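Have a look at input-v9.txt; it's compact mmCIF, C-alpha atoms and all ligand atoms:
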# COMPACT_ATOMS: atom_id res chain seq x y z
CA MET A 1 15.72 -12.78 190.36
CA ASP A 2 13.95 -16.09 190.84
CA PHE A 3 12.43 -17.66 187.73
CA GLU A 4 10.82 -20.59 189.54
CA LEU A 5 7.27 -20.69 190.83
CA SER A 6 6.86 -21.51 194.54
CA ALA A 7 5.28 -24.80 195.61
CA GLU A 8 2.14 -22.84 196.56
CA GLN A 9 1.99 -21.22 193.11
CA GLU A 10 2.51 -24.60 191.38
CA LEU A 11 -0.34 -26.07 193.42
CA LEU A 12 -2.54 -23.12 192.50
CA ARG A 13 -1.78 -23.66 188.79
CA LYS A 14 -2.67 -27.34 189.09
CA THR A 15 -5.93 -26.56 190.91
CA VAL A 16 -7.11 -24.01 188.34
CA ARG A 17 -6.03 -26.23 185.45
CA GLN A 18 -8.00 -29.19 186.80
CA PHE A 19 -11.04 -26.95 187.29
CA VAL A 20 -10.78 -25.60 183.73
CA ASP A 21 -10.27 -29.07 182.21
CA LYS A 22 -13.29 -30.46 184.08
CA GLU A 23 -15.75 -27.58 184.35
CA ILE A 24 -15.05 -25.24 181.41
CA ILE A 25 -13.45 -27.00 178.44
CA PRO A 26 -16.13 -29.73 178.03
CA TYR A 27 -18.91 -27.10 177.83
CA ILE A 28 -17.28 -24.03 176.31
CA LYS A 29 -18.05 -24.80 172.65
CA GLU A 30 -21.77 -24.91 173.43
CA TRP A 31 -21.66 -21.82 175.70
CA ASP A 32 -19.77 -19.90 173.03
CA GLU A 33 -22.30 -20.90 170.34
CA ARG A 34 -25.25 -19.91 172.53
CA GLY A 35 -23.64 -16.69 173.80
CA TYR A 36 -24.36 -18.04 177.24
CA SER A 37 -22.61 -17.01 180.42
CA ASP A 38 -23.00 -19.53 183.21
CA PRO A 39 -23.14 -17.64 186.53
CA GLN A 40 -22.50 -20.91 188.41
CA ILE A 41 -18.88 -20.75 187.27
CA TYR A 42 -18.32 -17.72 189.52
CA LYS A 43 -19.79 -19.58 192.49
CA ARG A 44 -17.40 -22.47 191.79
CA LEU A 45 -14.46 -20.06 191.49
CA ALA A 46 -15.48 -18.60 194.87
CA GLU A 47 -15.60 -22.08 196.43
CA LEU A 48 -12.02 -22.59 195.21
CA ASN A 49 -11.02 -19.22 196.79
CA LEU A 50 -10.10 -17.83 193.36
CA MET A 51 -12.13 -14.59 193.46
CA GLY A 52 -9.79 -12.77 195.85
CA VAL A 53 -6.45 -14.43 195.21
CA CYS A 54 -4.12 -11.51 196.01
CA ILE A 55 -6.41 -9.73 198.45
CA PRO A 56 -5.15 -9.84 202.07
CA GLU A 57 -6.82 -12.45 204.28
CA LYS A 58 -8.06 -9.73 206.64
CA TYR A 59 -10.25 -8.50 203.76
CA GLY A 60 -11.60 -11.95 202.88
CA GLY A 61 -9.00 -12.89 200.24
CA SER A 62 -6.49 -15.73 199.95
CA GLY A 63 -3.50 -13.51 200.76
CA MET A 64 -1.40 -14.93 197.94
CA ASP A 65 1.02 -12.76 195.94
CA TYR A 66 0.28 -10.77 192.77
CA ASN A 67 1.84 -13.41 190.51
CA ALA A 68 -0.66 -15.91 191.93
CA LEU A 69 -3.34 -13.73 190.30
CA ALA A 70 -1.39 -14.01 187.03
CA ILE A 71 -1.39 -17.79 187.29
CA VAL A 72 -5.15 -17.90 187.87
CA CYS A 73 -5.72 -15.63 184.85
CA GLU A 74 -3.44 -17.64 182.58
CA GLU A 75 -5.09 -20.93 183.49
CA LEU A 76 -8.64 -19.56 183.18
CA GLU A 77 -7.96 -18.12 179.74
CA ARG A 78 -6.49 -21.43 178.65
CA GLY A 79 -10.15 -22.47 178.95
CA ASP A 80 -11.83 -19.34 177.64
CA THR A 81 -11.26 -15.57 177.67
CA ALA A 82 -14.72 -14.93 179.14
CA PHE A 83 -13.81 -16.28 182.58
CA ARG A 84 -10.43 -14.56 182.74
CA THR A 85 -12.14 -11.31 181.71
CA ALA A 86 -14.53 -11.73 184.64
CA VAL A 87 -11.62 -12.12 187.09
CA SER A 88 -9.85 -9.18 185.44
CA VAL A 89 -12.72 -6.81 186.13
CA HIS A 90 -13.77 -8.33 189.46
CA THR A 91 -10.33 -8.60 191.07
CA GLY A 92 -8.00 -6.58 188.80
CA LEU A 93 -10.11 -3.49 188.12
CA ASN A 94 -12.50 -3.47 191.07
CA SER A 95 -11.28 -5.29 194.22
CA LEU A 96 -7.65 -4.18 193.96
CA THR A 97 -8.86 -0.62 193.39
CA LEU A 98 -10.95 -0.81 196.57
CA LEU A 99 -7.91 -2.20 198.38
CA GLN A 100 -5.76 0.69 197.11
CA TRP A 101 -8.17 3.62 197.42
CA GLY A 102 -11.08 2.55 199.64
CA THR A 103 -11.80 3.71 203.19
CA GLU A 104 -11.90 1.04 205.89
CA GLU A 105 -15.73 1.20 205.78
CA GLN A 106 -15.78 0.76 201.99
CA LYS A 107 -13.39 -2.19 202.26
CA GLN A 108 -15.56 -3.89 204.88
CA LYS A 109 -18.78 -3.25 202.97
CA TYR A 110 -17.67 -3.99 199.40
CA LEU A 111 -14.19 -5.55 199.26
CA VAL A 112 -14.75 -8.31 201.82
CA PRO A 113 -17.81 -9.88 200.11
CA GLN A 114 -16.12 -9.50 196.71
CA ALA A 115 -12.89 -11.15 197.85
CA LYS A 116 -14.94 -14.04 199.24
CA GLY A 117 -16.76 -14.28 195.91
CA LEU A 118 -20.15 -13.61 197.51
CA LYS A 119 -20.59 -10.49 195.37
CA LEU A 120 -19.26 -9.64 191.91
CA GLY A 121 -17.53 -6.33 191.12
CA ALA A 122 -17.11 -4.57 187.75
CA PHE A 123 -15.68 -1.37 186.29
CA GLY A 124 -17.50 1.30 184.30
CA LEU A 125 -15.25 3.75 182.50
CA THR A 126 -15.95 3.46 178.74
CA GLU A 127 -18.85 5.39 177.19
CA PRO A 128 -20.30 5.51 173.66
CA ASN A 129 -18.08 8.52 172.84
CA ALA A 130 -15.17 7.84 175.18
CA GLY A 131 -12.83 4.84 175.11
CA SER A 132 -9.15 5.69 174.74
CA ASP A 133 -10.03 9.36 175.31
CA VAL A 134 -11.19 9.08 178.93
CA LYS A 135 -11.62 12.85 179.30
CA ALA A 136 -14.48 12.68 176.77
CA ILE A 137 -16.82 10.87 179.21
CA ARG A 138 -20.18 12.60 179.71
CA THR A 139 -21.56 10.89 182.82
CA THR A 140 -22.07 13.46 185.57
CA ALA A 141 -22.35 13.32 189.36
CA VAL A 142 -23.99 16.36 190.91
CA LYS A 143 -23.82 16.95 194.68
CA ASP A 144 -27.23 17.02 196.35
CA GLY A 145 -27.06 17.25 200.14
CA ASP A 146 -25.27 14.13 201.39
CA ASP A 147 -25.62 12.37 198.04
CA TYR A 148 -24.44 12.58 194.45
CA ILE A 149 -26.93 12.22 191.59
CA LEU A 150 -25.47 10.23 188.69
CA ASN A 151 -26.71 10.57 185.11
CA GLY A 152 -25.21 9.04 181.99
CA GLU A 153 -24.38 5.84 180.17
CA LYS A 154 -21.49 3.38 179.98
CA THR A 155 -20.85 0.81 177.28
CA TRP A 156 -18.79 -2.32 176.70
CA ILE A 157 -18.82 -3.07 180.42
CA SER A 158 -17.84 -6.64 181.31
CA LEU A 159 -20.23 -8.38 183.76
CA CYS A 160 -22.81 -5.64 183.09
CA ASP A 161 -25.77 -7.89 183.98
CA LEU A 162 -24.02 -10.02 186.59
CA ALA A 163 -22.04 -7.67 188.83
CA ASP A 164 -23.46 -6.45 192.14
CA HIS A 165 -21.11 -3.46 192.54
CA PHE A 166 -19.54 -1.16 189.94
CA ILE A 167 -16.77 1.41 190.19
CA VAL A 168 -18.16 4.18 187.99
CA PHE A 169 -16.40 7.31 186.73
CA ALA A 170 -18.27 10.59 186.33
CA TYR A 171 -17.57 14.30 186.13
CA THR A 172 -18.10 16.22 189.35
CA ASP A 173 -16.55 19.32 187.75
CA LYS A 174 -16.32 19.35 183.95
CA GLU A 175 -14.38 22.66 183.97
CA LYS A 176 -11.37 20.96 185.57
CA GLY A 177 -10.84 18.47 182.71
CA HIS A 178 -9.51 15.11 183.88
CA ASN A 179 -9.03 16.60 187.39
CA GLY A 180 -12.81 16.96 187.53
CA ILE A 181 -13.53 13.22 187.20
CA SER A 182 -14.49 11.31 190.38
CA ALA A 183 -14.98 7.60 191.13
CA PHE A 184 -18.07 6.13 192.81
CA ILE A 185 -19.12 2.73 194.10
CA VAL A 186 -22.56 2.07 192.60
CA GLU A 187 -24.77 -0.84 193.61
CA ARG A 188 -26.99 -2.59 191.06
CA THR A 189 -29.95 -2.24 193.41
CA MET A 190 -29.75 1.58 193.53
CA PRO A 191 -32.93 3.04 191.95
CA GLY A 192 -32.34 4.42 188.45
CA PHE A 193 -29.61 1.89 187.56
CA SER A 194 -30.12 -0.54 184.67
CA SER A 195 -28.03 -2.66 182.31
CA LYS A 196 -28.32 -4.33 178.90
CA ALA A 197 -26.08 -6.90 177.21
CA ILE A 198 -24.51 -6.32 173.77
CA LYS A 199 -25.35 -9.05 171.23
CA GLY A 200 -23.40 -10.11 168.15
CA LYS A 201 -19.85 -9.98 169.53
CA LEU A 202 -16.91 -11.34 167.49
CA GLY A 203 -15.52 -13.17 170.53
CA ILE A 204 -15.85 -13.65 174.31
CA ARG A 205 -19.34 -14.84 173.51
CA ALA A 206 -19.57 -16.82 176.74
CA GLY A 207 -18.94 -13.56 178.58
CA ASN A 208 -21.42 -10.87 179.54
CA THR A 209 -20.60 -7.42 178.11
CA GLY A 210 -22.87 -4.43 177.70
CA GLN A 211 -24.31 -1.10 178.69
CA LEU A 212 -25.00 0.56 182.04
CA PHE A 213 -27.56 3.34 182.40
CA PHE A 214 -27.75 5.89 185.22
CA ASP A 215 -31.04 7.75 185.45
CA ASN A 216 -30.83 10.04 188.48
CA VAL A 217 -29.06 7.37 190.53
CA ARG A 218 -28.67 8.67 194.09
CA VAL A 219 -25.29 7.59 195.48
CA PRO A 220 -24.41 8.43 199.11
CA LYS A 221 -21.26 10.49 199.65
CA GLU A 222 -19.79 7.52 201.59
CA ASN A 223 -19.54 5.80 198.16
CA LEU A 224 -17.17 8.39 196.71
CA LEU A 225 -13.93 6.44 196.14
CA GLY A 226 -10.86 8.54 196.93
CA GLU A 227 -11.37 12.29 196.88
CA GLU A 228 -13.42 14.40 194.49
CA GLY A 229 -11.36 14.92 191.32
CA GLU A 230 -9.16 11.83 191.89
CA GLY A 231 -11.18 9.65 189.51
CA PHE A 232 -8.76 9.83 186.58
CA LYS A 233 -5.81 8.76 188.76
CA ILE A 234 -7.93 5.99 190.28
CA ALA A 235 -8.94 4.75 186.81
CA MET A 236 -5.32 4.71 185.61
CA SER A 237 -4.09 2.91 188.74
CA ALA A 238 -6.91 0.36 188.32
CA LEU A 239 -5.69 -0.24 184.76
CA ASP A 240 -2.21 -1.05 186.09
CA ASN A 241 -3.82 -4.08 187.73
CA GLY A 242 -6.40 -4.88 185.07
CA ARG A 243 -3.76 -4.83 182.32
CA PHE A 244 -1.58 -7.17 184.35
CA THR A 245 -4.40 -9.74 184.43
CA VAL A 246 -5.08 -9.29 180.70
CA ALA A 247 -1.39 -9.88 179.90
CA ALA A 248 -1.36 -12.99 182.09
CA GLY A 249 -4.51 -14.26 180.42
CA ALA A 250 -2.90 -13.85 176.99
CA CYS A 251 -0.32 -16.47 178.05
CA GLY A 252 -3.27 -18.84 178.52
CA ILE A 253 -4.44 -18.35 174.92
CA ILE A 254 -0.90 -18.99 173.69
CA ASN A 255 -0.64 -22.12 175.81
CA ALA A 256 -4.04 -23.41 174.67
CA CYS A 257 -3.11 -22.85 171.01
CA LEU A 258 0.26 -24.51 171.46
CA GLU A 259 -1.33 -27.56 173.09
CA ALA A 260 -3.92 -27.84 170.29
CA CYS A 261 -1.24 -27.43 167.59
CA VAL A 262 1.17 -29.98 169.05
CA LYS A 263 -1.67 -32.53 169.18
CA TYR A 264 -2.77 -31.72 165.63
CA CYS A 265 0.82 -31.82 164.29
CA HIS A 266 1.07 -35.42 165.46
CA GLU A 267 -2.36 -36.40 164.08
CA ARG A 268 -2.39 -34.79 160.66
CA LYS A 269 -0.27 -36.24 157.84
CA THR A 270 0.56 -34.67 154.48
CA PHE A 271 3.03 -35.94 151.88
CA GLY A 272 3.46 -39.12 153.92
CA GLU A 273 4.50 -37.60 157.24
CA GLU A 274 3.15 -35.75 160.28
CA ILE A 275 2.82 -32.05 159.50
CA GLY A 276 5.07 -31.36 162.51
CA HIS A 277 7.98 -32.54 160.34
CA HIS A 278 7.51 -29.73 157.81
CA GLN A 279 9.95 -26.90 158.44
CA LEU A 280 7.43 -24.08 157.96
CA VAL A 281 5.09 -25.66 160.52
CA LYS A 282 8.03 -26.07 162.89
CA GLN A 283 8.73 -22.36 162.50
CA MET A 284 5.20 -21.51 163.68
CA ILE A 285 5.48 -23.92 166.62
CA ALA A 286 8.87 -22.51 167.64
CA ASN A 287 7.53 -18.95 167.49
CA MET A 288 4.58 -19.95 169.70
CA GLU A 289 6.92 -21.38 172.32
CA ALA A 290 9.13 -18.27 172.22
CA LYS A 291 6.10 -15.98 172.55
CA LEU A 292 4.76 -17.96 175.51
CA VAL A 293 8.06 -17.69 177.38
CA MET A 294 8.55 -14.01 176.52
CA ALA A 295 4.99 -13.12 177.54
CA ARG A 296 5.29 -14.96 180.86
CA LEU A 297 8.60 -13.26 181.66
CA LEU A 298 7.08 -9.83 181.04
CA VAL A 299 4.08 -10.69 183.20
CA TYR A 300 6.07 -12.10 186.12
CA ARG A 301 8.43 -9.10 186.03
CA ALA A 302 5.45 -6.77 186.43
CA GLY A 303 4.05 -9.03 189.17
CA GLU A 304 7.34 -8.97 191.05
CA LEU A 305 7.32 -5.15 191.01
CA LYS A 306 3.79 -5.26 192.44
CA ASN A 307 4.97 -7.68 195.14
CA LYS A 308 7.67 -5.18 196.09
CA GLY A 309 5.16 -2.31 196.16
CA LYS A 310 6.93 -0.53 193.28
CA ARG A 311 5.29 1.54 190.55
CA ASN A 312 4.84 -0.70 187.48
CA THR A 313 2.74 1.29 184.98
CA ARG A 314 5.49 1.12 182.35
CA GLU A 315 6.31 -2.57 182.81
CA THR A 316 2.64 -3.60 182.99
CA SER A 317 1.84 -1.67 179.80
CA LEU A 318 4.72 -3.40 178.00
CA ALA A 319 3.58 -6.81 179.23
CA LYS A 320 -0.05 -6.15 178.23
CA TRP A 321 0.87 -4.78 174.81
CA GLN A 322 3.27 -7.56 173.85
CA ALA A 323 1.48 -10.53 175.45
CA CYS A 324 -1.82 -9.63 173.77
CA ASN A 325 -0.18 -9.10 170.39
CA PHE A 326 1.59 -12.45 170.79
CA ALA A 327 -1.68 -14.21 171.68
CA ASN A 328 -3.44 -12.76 168.64
CA GLU A 329 -0.54 -13.76 166.33
CA VAL A 330 -0.26 -17.23 167.86
CA ALA A 331 -4.01 -17.87 167.56
CA ASN A 332 -3.84 -16.81 163.91
CA ASP A 333 -0.98 -19.26 163.26
CA ALA A 334 -2.82 -21.95 165.23
CA VAL A 335 -5.74 -21.72 162.78
CA GLN A 336 -3.20 -21.87 159.93
CA ILE A 337 -1.65 -25.05 161.28
CA HIS A 338 -5.10 -26.65 161.47
CA GLY A 339 -5.78 -25.78 157.82
CA ALA A 340 -9.47 -25.82 156.91
CA TYR A 341 -10.34 -27.63 160.15
CA GLY A 342 -9.04 -24.61 162.03
CA PHE A 343 -11.69 -22.57 160.26
CA SER A 344 -14.49 -24.46 162.02
CA ASN A 345 -15.46 -24.76 165.66
CA GLU A 346 -14.67 -28.46 165.57
CA TYR A 347 -11.34 -27.32 167.03
CA PRO A 348 -10.86 -24.67 169.75
CA VAL A 349 -8.37 -22.51 167.86
CA GLU A 350 -10.95 -20.47 165.91
CA ARG A 351 -12.54 -19.45 169.25
CA HIS A 352 -9.14 -18.47 170.62
CA LEU A 353 -8.49 -16.38 167.48
CA ARG A 354 -11.83 -14.55 167.88
CA ASN A 355 -11.30 -14.13 171.63
CA SER A 356 -7.73 -12.89 171.24
CA LYS A 357 -8.90 -9.78 169.38
CA ALA A 358 -10.65 -8.08 172.32
CA PRO A 359 -7.56 -7.94 174.57
CA VAL A 360 -5.72 -6.06 171.81
CA ILE A 361 -8.50 -3.45 172.11
CA TYR A 362 -9.51 -3.26 175.77
CA GLU A 363 -7.55 -1.84 178.70
CA GLY A 364 -5.54 0.34 176.34
CA THR A 365 -5.52 -0.44 172.63
CA ARG A 366 -2.37 -1.69 170.91
CA GLU A 367 -1.86 1.84 169.61
CA ILE A 368 -2.20 3.49 173.05
CA HIS A 369 0.39 1.11 174.56
CA THR A 370 2.75 1.71 171.62
CA LEU A 371 2.53 5.45 172.28
CA MET A 372 3.03 4.94 176.03
CA GLN A 373 6.18 2.88 175.48
CA ALA A 374 7.64 5.37 173.02
CA ASP A 375 6.86 8.25 175.39
CA TYR A 376 8.63 6.54 178.29
CA VAL A 377 11.72 5.89 176.15
CA LEU A 378 11.72 9.43 174.75
CA GLY A 379 11.28 10.94 178.20
CA TYR A 380 7.91 12.54 177.35
CA ARG A 381 6.11 10.47 179.99
CA LYS A 382 7.07 10.22 183.65
CA ASP A 383 4.93 8.64 186.39
CA LYS A 384 4.34 10.77 189.47
CA PRO A 385 3.89 9.08 192.89
CA LEU A 386 0.28 8.33 193.83
CA ARG A 387 -1.38 9.38 197.12
CA LYS A 388 -2.36 5.76 197.80
CA THR A 389 -0.52 2.60 196.75
CA LEU A 390 -1.26 -1.11 196.87
CA PRO A 391 0.25 -2.98 199.83
CA PRO A 392 3.44 -4.91 199.02
CA TRP A 393 3.43 -8.68 199.48
CA PRO A 394 3.61 -10.49 201.95
CA PHE A 395 0.66 -8.57 203.36
CA GLU A 396 0.71 -7.40 206.96
CA GLY A 397 -1.80 -8.79 209.47
C1 LIG B 1 -15.05 -7.35 175.15
C2 LIG B 1 -14.80 -5.98 175.74
C3 LIG B 1 -14.91 -5.79 177.11
C4 LIG B 1 -14.72 -4.52 177.66
N1 LIG B 1 -14.87 -4.36 179.02
C5 LIG B 1 -14.80 -3.10 179.55
C6 LIG B 1 -15.06 -2.87 180.94
O1 LIG B 1 -15.32 -3.81 181.71
N2 LIG B 1 -15.03 -1.59 181.41
C7 LIG B 1 -14.75 -0.52 180.61
O2 LIG B 1 -14.75 0.62 181.09
N3 LIG B 1 -14.49 -0.71 179.28
C8 LIG B 1 -14.50 -1.96 178.73
N4 LIG B 1 -14.26 -2.16 177.38
C9 LIG B 1 -14.03 -1.00 176.53
C10 LIG B 1 -12.57 -0.83 176.12
O3 LIG B 1 -11.77 -0.50 177.22
C11 LIG B 1 -12.51 0.22 175.01
O4 LIG B 1 -13.11 -0.39 173.87
C12 LIG B 1 -11.10 0.67 174.68
O5 LIG B 1 -10.63 1.53 175.70
C13 LIG B 1 -10.97 1.39 173.33
O6 LIG B 1 -11.92 2.41 173.24
P1 LIG B 1 -12.87 2.51 171.94
O7 LIG B 1 -13.43 1.17 171.68
O8 LIG B 1 -13.79 3.64 172.21
O9 LIG B 1 -11.89 2.88 170.76
P2 LIG B 1 -11.37 4.36 170.38
O10 LIG B 1 -10.74 4.98 171.58
O11 LIG B 1 -12.45 5.10 169.71
O12 LIG B 1 -10.24 4.00 169.33
C14 LIG B 1 -10.55 3.66 167.96
C15 LIG B 1 -9.23 3.41 167.24
O13 LIG B 1 -8.43 4.61 167.22
C16 LIG B 1 -7.16 4.34 167.81
N5 LIG B 1 -6.73 5.52 168.57
C17 LIG B 1 -7.46 6.22 169.49
N6 LIG B 1 -6.72 7.23 169.98
C18 LIG B 1 -5.51 7.17 169.38
C19 LIG B 1 -4.30 7.92 169.48
N7 LIG B 1 -4.18 8.96 170.31
N8 LIG B 1 -3.28 7.57 168.69
C20 LIG B 1 -3.36 6.50 167.85
N9 LIG B 1 -4.46 5.74 167.72
C21 LIG B 1 -5.52 6.07 168.48
C22 LIG B 1 -7.37 3.16 168.74
O14 LIG B 1 -6.16 2.48 169.02
C23 LIG B 1 -8.36 2.33 167.92
O15 LIG B 1 -7.67 1.60 166.96
C24 LIG B 1 -14.39 -3.43 176.82
C25 LIG B 1 -14.25 -3.64 175.43
C26 LIG B 1 -14.44 -4.89 174.90
C27 LIG B 1 -14.27 -5.10 173.41
Have the structure of the file written as structure tokens, please.
Amino acid sequence: MDFELSAEQELLRKTVRQFVDKEIIPYIKEWDERGYSDPQIYKRLAELNLMGVCIPEKYGGSGMDYNALAIVCEELERGDTAFRTAVSVHTGLNSLTLLQWGTEEQKQKYLVPQAKGLKLGAFGLTEPNAGSDVKAIRTTAVKDGDDYILNGEKTWISLCDLADHFIVFAYTDKEKGHNGISAFIVERTMPGFSSKAIKGKLGIRAGNTGQLFFDNVRVPKENLLGEEGEGFKIAMSALDNGRFTVAAGACGIINACLEACVKYCHERKTFGEEIGHHQLVKQMIANMEAKLVMARLLVYRAGELKNKGKRNTRETSLAKWQACNFANEVANDAVQIHGAYGFSNEYPVERHLRNSKAPVIYEGTREIHTLMQADYVLGYRKDKPLRKTLPPWPFEG
């Protein structure tokens, strides 16, 4: 066990932090108010080689380890959840899934431009009637010669209007239950595809989230990801990576709240002294620090298992569940420490509180992760080996 970051990882943290301090934090209040998502940010992230951090160099990525992705996510979410969410779906849910399950042709065509940040990837699983209950999806893919015809609708999809490529899940054989779901790579430009943003969100207002519509979208058979009927397994393996990035991002919310609270504790005086001297405020600060360290340890443990090429569904679920709960609790206390000022957007903590709610819902709700953890402990849940796995780090070639 090594609890220290490498020099390369430390440099990466510094680079992302400087970027966030200069190019996100000064503008985020306005973007959040306007519900505006600046697409230029993704171009800048690409210039900094941050859109394919743990993708092997031979596929256009930076070739860094899986914990490097965690560092990027933590530092981005210290700025705002919207940008970490984008990296979660682009790299965590899409690119790593292509790396794990894609054919060489699919990797060359879709993964390489995504890892270089020239194209954006997203992930379409959720539907109006199917979130936690994936089997309830209604989107269908019917074989027609050398193509599949997709019909249906997805909702709550991050980067819905910005992504170029989507991994989309649809039934190829409804009779087979979850073994009848297949995964497809769908391009925005395919006729019959459209998208629409959701307005009026509680948080992640600077992010783009919404619906996807498939109206007889003709997808060539070369865009089937994995084999027919493997879609459910592909979706769950994608979530092992997406959840890892969400957990890492939660550490960024905790850190941002802690920084804001420490500053405010020194500025604000009541009863003749800085509020940091009051024991009940100290208790909240101490809990924030403990939660930051605990969340990071859970994240890096999951990342280390990924580096070794080991199955990490259980450890990643635990990290995601706890880190996101911690972030939501910490953001709530951060508003408390700021008193009435915390209730306005004069300070960043109210935005972090609103943003921290979505990660407790997406990529497995708090309740779903609680059930998963109990089932592992009770022996009701056991992970079977997958046909395809992610490459361990360091990557070959
Ligand atoms: C900002 C945002 C971005 C998102 N981005 C994406 C994306 O990019 N791609 C994508 O595919 N999806 C995305 N989602 C959707 C997200 O993954 C789903 O919202 C999530 O899976 C929960 O599904 P649901 O909202 O349908 O809730 P439901 O599944 O309907 O759950 C409702 C409530 O019931 C509880 N519940 C459900 N089943 C059980 C059970 N068995 N036991 C106990 N309690 C249960 C849940 O925990 C929850 O509290 C996003 C959501 C948000 C908010």
Sorted by chain and rising residue number, which residues of region 324-386 of chain A lie within 10 Å of region 189-201 of chain A, and what are their closest atom pairs and distances in Å to one decimal, counting all atoms listed in the file, as a Markdown table?
| residue | atom | partner | partner_atom | distance |
| --- | --- | --- | --- | --- |
| A:Arg354 | CA | A:Lys201 | CA | 9.4 |
| A:Asn355 | CA | A:Lys201 | CA | 9.7 |
| A:Ala358 | CA | A:Lys201 | CA | 9.8 |
Close residues, Cys54 (chain A) itself excluded, 9 Å, all atoms listed in the file, min 4 positions apart in chain, as a list in words:
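Those residues are Gly61, Ser62, Gly63, Met64, Asp65, Tyr66, Asn67, Ala68, Leu69, Thr91, Leu96, Ala115 and Trp393 of chain A.
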Which residue gives the smallest distance to Glu350 (chain A) among A:Asp383, A:Glu187, A:Glu4, A:Asp32, with all atoms listed in the file counted?
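Nearest candidate to Glu350 (chain A) out of A:Asp383, A:Glu187, A:Glu4, A:Asp32: A:Asp32.
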Determine, counting all atoms listed in the file, which protein, DNA and RNA residues have an atom within 8 Å of an atom of Thr139 (chain A); residues of the same chain fewer than 2 positions away are not included. Present the result as a PyMOL selection string.
chain A and resi 137+141+150-153+169-171
Take CA of Ile41 (chain A) and CA of Ala163 (chain A) and report the distance between them in Å, one decimal.
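Atom-to-atom, CA of Ile41 (chain A) and CA of Ala163 (chain A) are spaced 13.5 Å apart.
With CA of Glu267 (chain A) on one side and CA of Glu74 (chain A) on the other, the separation reads 26.4 Å.
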What residues of the protein or nucleic acid chains come within 9 Å of ligand LIG 1 (chain B) when you use all atoms listed in the file? Reply as an MDAnalysis selection string.
chainID A and resid 82 85:86 88:89 93 122:134 154:160 168:169 201:205 207:210 355 357:371
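For Thr172 (chain A), the list of residues within 7 Å, based on all atoms listed in the file and with local chain neighbours fewer than 5 positions off taken out, reads Thr140, Ala141, Val142, Gly180, Ile181 and Ser182 of chain A.
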Give me the residues within 7 Å of region 308-320 of chain A as a PDB file with C-alpha atoms, in the coordinates of the input, counting only C-alpha atoms and dropping any in the same chain fewer than 6 places off.
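The result, written out as result-v8.pdb:
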ATOM      1  CA  ASP A 240      -2.210  -1.050 186.090  1.00  0.00           C
ATOM      2  CA  ARG A 243      -3.760  -4.830 182.320  1.00  0.00           C
ATOM      3  CA  PHE A 244      -1.580  -7.170 184.350  1.00  0.00           C
ATOM      4  CA  VAL A 246      -5.080  -9.290 180.700  1.00  0.00           C
ATOM      5  CA  ALA A 247      -1.390  -9.880 179.900  1.00  0.00           C
ATOM      6  CA  ALA A 295       4.990 -13.120 177.540  1.00  0.00           C
ATOM      7  CA  LEU A 298       7.080  -9.830 181.040  1.00  0.00           C
ATOM      8  CA  VAL A 299       4.080 -10.690 183.200  1.00  0.00           C
ATOM      9  CA  ALA A 302       5.450  -6.770 186.430  1.00  0.00           C
ATOM     10  CA  HIS A 369       0.390   1.110 174.560  1.00  0.00           C
ATOM     11  CA  GLN A 373       6.180   2.880 175.480  1.00  0.00           C
ATOM     12  CA  LEU A 390      -1.260  -1.110 196.870  1.00  0.00           C
ATOM     13  CA  PRO A 391       0.250  -2.980 199.830  1.00  0.00           C
ATOM     14  CA  PRO A 392       3.440  -4.910 199.020  1.00  0.00           C
ATOM     15  CA  TRP A 393       3.430  -8.680 199.480  1.00  0.00           C
TER      16      TRP A 393
END
For the atom pair CA of Ala46 (chain A) and CA of Thr97 (chain A), what is the interatomic distance in Å to one decimal place?
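These two atoms are separated by 19.2 Å.
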Given all atoms listed in the file as the basis, pick out the residue of A:His338, A:Arg381, A:Ala136, A:Leu50 nearest to Arg13 (chain A).
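Among A:His338, A:Arg381, A:Ala136, A:Leu50, it is A:Leu50 that comes nearest to Arg13 (chain A).
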Centre and size of axis-aligned box enclosing region 345-351 of chain A plus 6 Å each side, as JSON:
{"center_x": -11.9, "center_y": -24.0, "center_z": 167.7, "size_x": 19.1, "size_y": 21.0, "size_z": 16.2}
Might you pull out every residue within 9 Å of Glu75 (chain A), with all atoms listed in the file counted and same-chain residues fewer than 2 positions away left off, and present them as number ranges by chain?
A: 13-14, 16-17, 20, 70-73, 77-79, 84, 248-249, 251-253, 255
File of the preceding selection, C-alpha atoms, as a short mmCIF file (atom, residue, chain, number, x, y, z; two decimals), in the coordinates of the input:
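Contents of again.cif, as written:
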data_model
loop_
_atom_site.label_atom_id
_atom_site.label_comp_id
_atom_site.auth_asym_id
_atom_site.auth_seq_id
_atom_site.Cartn_x
_atom_site.Cartn_y
_atom_site.Cartn_z
CA ARG A 13 -1.78 -23.66 188.79
CA LYS A 14 -2.67 -27.34 189.09
CA VAL A 16 -7.11 -24.01 188.34
CA ARG A 17 -6.03 -26.23 185.45
CA VAL A 20 -10.78 -25.60 183.73
CA ALA A 70 -1.39 -14.01 187.03
CA ILE A 71 -1.39 -17.79 187.29
CA VAL A 72 -5.15 -17.90 187.87
CA CYS A 73 -5.72 -15.63 184.85
CA GLU A 77 -7.96 -18.12 179.74
CA ARG A 78 -6.49 -21.43 178.65
CA GLY A 79 -10.15 -22.47 178.95
CA ARG A 84 -10.43 -14.56 182.74
CA ALA A 248 -1.36 -12.99 182.09
CA GLY A 249 -4.51 -14.26 180.42
CA CYS A 251 -0.32 -16.47 178.05
CA GLY A 252 -3.27 -18.84 178.52
CA ILE A 253 -4.44 -18.35 174.92
CA ASN A 255 -0.64 -22.12 175.81
#
